[in-house]
Amino acid sequence: MSGVLVTGGTGKTGKALVRVLRSAGVRTRAASRNPAAADPDAVRFDWNDPTTFGPALDGTDRVFLLPPVESVDPLPLVEPFLQQAQRAGIQRLVMLGSAIVLPNAPGAAEMAARVRARPGGVVLRASGFMQNFLRPHPLAEHIHGHGEIRTAAGDGRLGWVDARDIAAGAAALLADLRVDARNDYLITGPHGMSYPQAAQIITARTGRRVRVEPITEEEQAAAYRASGMPAEFAAALAAVERGIKEGREDQVSTAVLELTGRPPRTFAEFVADHAYEWTHRPRACAASSLPNRSGAATT
């Protein structure tokens, strides 16, 4: 029997991908640490428990791979799964990676290289998720509670992309093995956007005034640690904002159009789809902003 295993199947991207594949009639298994009892094709999957790998892979020939989040070196956890997937005869493996390279994190780059090198391996290097502007993400919580975006990225731009467009691109590669695929795609929105531009769009489209509060890289790292993030990952993620500020992450591609036949959503369209997020009464909270916690992806 053939089908698709979606790891991170209850996350932002995974949930959308499961929906798209099942709507297309593709047998799809949603894998997560806490699978839904009401879903007969849900299965338990935990990166810290390799005994869950085999049952999740059984009966599938394609995989959507969401690596462990908040780790500067996910390869030790992912490598045994890649080996087991190869033994299971998986014919196409699409990994959700990041266009944003964490400083001093060679393990993530090595993991992507391992996936690209295997037959049927594809890496989707996604830019910052527009869904980071939705709760419960810390960026969204701070906007909701305080009407501000705290960032060290200045006016630097990022090719923000809707997770629904990432899912649509992944679905195009996983629904049919006859579809030709490169081993690497840069997945972005239609244009680069800075945090001040995002604040202006939210304000204009919803009437909720959002301002930008500049902070230092060190202050951002401290905020990430305060939100419960591991210290090493917090420092690396804060350093990403330096790259954004210096223009190193301002990349835009046409991959979504190439894979799906339609252009990616704009941020203005995204805000219109989720206007309620910014128009009802705010509540106090203490949080920080993140450019992309991939998966935090549970993405």
# chains A, B, ... in the order shown; residues from 1 in each chain; ligands from 1
call {"tool": "closest_atom_pairs", "arguments": {"of": "range 69-166 of chain A", "to": "range 2-10 of chain A", "cutoff": "12 Å", "atoms": "only C-alpha atoms", "output": "Markdown table"}}
result
| residue | atom | partner | partner_atom | distance |
| --- | --- | --- | --- | --- |
| A:Val69 | CA | A:Gly8 | CA | 10.3 |
| A:Val78 | CA | A:Thr7 | CA | 11.7 |
| A:Phe81 | CA | A:Thr7 | CA | 11.3 |
| A:Ala85 | CA | A:Leu5 | CA | 10.7 |
| A:Ala88 | CA | A:Ser2 | CA | 11.7 |
| A:Gly89 | CA | A:Ser2 | CA | 10.8 |
| A:Ile90 | CA | A:Val4 | CA | 9.6 |
| A:Gln91 | CA | A:Ser2 | CA | 10.2 |
| A:Arg92 | CA | A:Val4 | CA | 9.3 |
| A:Leu93 | CA | A:Leu5 | CA | 9.5 |
| A:Val94 | CA | A:Val6 | CA | 9.6 |
| A:Met95 | CA | A:Thr7 | CA | 9.7 |
| A:Leu96 | CA | A:Thr7 | CA | 10.2 |
call {"tool": "select_by_dssp", "arguments": {"residues": "range 48-271 of chain A", "states": "helix (DSSP H, G or I)", "output": "ChimeraX atom specification"}}
result
/A:50-57,75-87,106-117,130-133,138-146,163-174,195-206,217-226,231-245,255-260,267-271
call {"tool": "closest_residue", "arguments": {"among": "A:Gly59, A:Phe129, A:Asp184, A:Arg87", "to": "Arg114 in chain A", "atoms": "only C-alpha atoms"}}
result
A:Asp184
call {"tool": "residues_around", "arguments": {"residues": "Asn183 in chain A", "least_positions_apart": "5", "cutoff": "7 Å", "atoms": "only C-alpha atoms", "output": "list in words"}}
result
Arg116, Gly121, Val122 and Val123 of chain A
call {"tool": "closest_atom_pairs", "arguments": {"of": "range 53-156 of chain A", "to": "range 15-23 of chain A", "cutoff": "12 Å", "atoms": "only C-alpha atoms", "output": "JSON lines"}}
result
{"residue": "A:Arg62", "atom": "CA", "partner": "A:Leu21", "partner_atom": "CA", "distance": 11.9}
{"residue": "A:Val63", "atom": "CA", "partner": "A:Leu17", "partner_atom": "CA", "distance": 11.5}
{"residue": "A:Phe64", "atom": "CA", "partner": "A:Leu17", "partner_atom": "CA", "distance": 9.0}
{"residue": "A:Leu65", "atom": "CA", "partner": "A:Leu17", "partner_atom": "CA", "distance": 11.7}
{"residue": "A:Leu66", "atom": "CA", "partner": "A:Leu17", "partner_atom": "CA", "distance": 11.8}
{"residue": "A:Val94", "atom": "CA", "partner": "A:Leu17", "partner_atom": "CA", "distance": 11.8}
{"residue": "A:Leu96", "atom": "CA", "partner": "A:Leu17", "partner_atom": "CA", "distance": 11.7}
call {"tool": "write_last_selection", "arguments": {"atoms": "N, CA and C atoms", "output": "PDB file, in the first residue's frame"}}
result
ATOM      1  N   ARG A  62       6.099   7.784   0.644  1.00  0.00           N
ATOM      2  CA  ARG A  62       6.489   9.185   0.558  1.00  0.00           C
ATOM      3  C   ARG A  62       6.431   9.790   1.960  1.00  0.00           C
ATOM      4  N   VAL A  63       7.308  10.759   2.223  1.00  0.00           N
ATOM      5  CA  VAL A  63       7.384  11.350   3.561  1.00  0.00           C
ATOM      6  C   VAL A  63       7.550  12.856   3.461  1.00  0.00           C
ATOM      7  N   PHE A  64       6.790  13.567   4.300  1.00  0.00           N
ATOM      8  CA  PHE A  64       7.059  14.982   4.557  1.00  0.00           C
ATOM      9  C   PHE A  64       7.777  15.039   5.894  1.00  0.00           C
ATOM     10  N   LEU A  65       8.978  15.564   5.887  1.00  0.00           N
ATOM     11  CA  LEU A  65       9.850  15.536   7.062  1.00  0.00           C
ATOM     12  C   LEU A  65       9.948  16.917   7.698  1.00  0.00           C
ATOM     13  N   LEU A  66       9.435  17.031   8.904  1.00  0.00           N
ATOM     14  CA  LEU A  66       9.601  18.246   9.707  1.00  0.00           C
ATOM     15  C   LEU A  66      10.611  17.945  10.802  1.00  0.00           C
ATOM     16  N   VAL A  94      10.364  14.784   1.275  1.00  0.00           N
ATOM     17  CA  VAL A  94      10.369  16.246   1.168  1.00  0.00           C
ATOM     18  C   VAL A  94      10.568  16.818   2.564  1.00  0.00           C
ATOM     19  N   LEU A  96      11.066  19.984   5.187  1.00  0.00           N
ATOM     20  CA  LEU A  96      10.877  21.412   5.401  1.00  0.00           C
ATOM     21  C   LEU A  96      12.104  21.955   6.109  1.00  0.00           C
TER      22      LEU A  96
END
call {"tool": "atom_distance", "arguments": {"atom1": "CA of Pro190 in chain A", "atom2": "CA of Arg248 in chain A"}}
result
17.2 Å
call {"tool": "closest_atom_pairs", "arguments": {"of": "range 257-281 of chain A", "to": "range 208-232 of chain A", "cutoff": "10 Å", "atoms": "only C-alpha atoms", "output": "JSON lines"}}
result
{"residue": "A:Ala275", "atom": "CA", "partner": "A:Arg208", "partner_atom": "CA", "distance": 9.6}
{"residue": "A:Glu277", "atom": "CA", "partner": "A:Arg208", "partner_atom": "CA", "distance": 9.8}
{"residue": "A:Trp278", "atom": "CA", "partner": "A:Arg208", "partner_atom": "CA", "distance": 6.1}
{"residue": "A:Thr279", "atom": "CA", "partner": "A:Arg208", "partner_atom": "CA", "distance": 6.2}
{"residue": "A:His280", "atom": "CA", "partner": "A:Arg208", "partner_atom": "CA", "distance": 9.1}
call {"tool": "write_last_selection", "arguments": {"atoms": "C-alpha atoms", "output": "PDB file, in the first residue's frame"}}
result
ATOM      1  CA  ALA A 275      -8.241  40.176  10.516  1.00  0.00           C
ATOM      2  CA  GLU A 277      -6.553  38.363  15.219  1.00  0.00           C
ATOM      3  CA  TRP A 278      -5.927  42.070  15.511  1.00  0.00           C
ATOM      4  CA  THR A 279      -9.401  43.557  15.892  1.00  0.00           C
ATOM      5  CA  HIS A 280     -10.740  42.121  19.161  1.00  0.00           C
TER       6      HIS A 280
END
call {"tool": "residues_around", "arguments": {"residues": "Pro76 in chain A", "least_positions_apart": "3", "cutoff": "12 Å", "atoms": "only C-alpha atoms", "output": "list in words"}}
result
Trp47, Asn48, Pro50, Pro67, Pro68, Ser71, Val72, Asp73, Glu79, Pro80, Phe81, Leu82, Gln83, Gly107, Ala108, Glu110 and Met111 of chain A
call {"tool": "write_last_selection", "arguments": {"atoms": "C-alpha atoms", "output": "short mmCIF file (atom, residue, chain, number, x, y, z; two decimals), in the first residue's frame"}}
result
data_model
loop_
_atom_site.label_atom_id
_atom_site.label_comp_id
_atom_site.auth_asym_id
_atom_site.auth_seq_id
_atom_site.Cartn_x
_atom_site.Cartn_y
_atom_site.Cartn_z
CA TRP A 47 11.88 12.33 17.51
CA ASN A 48 13.09 11.30 20.96
CA PRO A 50 12.97 5.91 17.63
CA PRO A 67 12.87 18.15 11.69
CA PRO A 68 13.00 18.77 15.47
CA SER A 71 17.72 22.77 18.02
CA VAL A 72 21.00 23.96 16.51
CA ASP A 73 21.94 20.36 15.72
CA GLU A 79 19.79 10.52 10.97
CA PRO A 80 18.31 7.26 12.36
CA PHE A 81 14.97 8.15 10.78
CA LEU A 82 16.59 8.81 7.39
CA GLN A 83 18.30 5.42 7.57
CA GLY A 107 24.17 20.29 11.76
CA ALA A 108 21.12 21.79 10.04
CA GLU A 110 24.50 18.85 6.94
CA MET A 111 21.03 17.41 7.46
#
call {"tool": "closest_residue", "arguments": {"among": "A:Thr28, A:Thr51, A:Asp273, A:Gly120", "to": "Leu177 in chain A", "atoms": "only C-alpha atoms"}}
result
A:Gly120
call {"tool": "closest_residue", "arguments": {"among": "A:Ala199, A:Ala126, A:Leu186, A:Leu57", "to": "Ser253 in chain A", "atoms": "only C-alpha atoms"}}
result
A:Leu186
call {"tool": "residues_around", "arguments": {"residues": "Glu246 in chain A", "least_positions_apart": "2", "cutoff": "9 Å", "atoms": "only C-alpha atoms", "output": "ChimeraX atom specification"}}
result
/A:153-156,241-244,248-249
call {"tool": "closest_residue", "arguments": {"among": "A:Ala234, A:Ile201, A:Ala105, A:Met130", "to": "Arg265 in chain A", "atoms": "only C-alpha atoms"}}
result
A:Met130
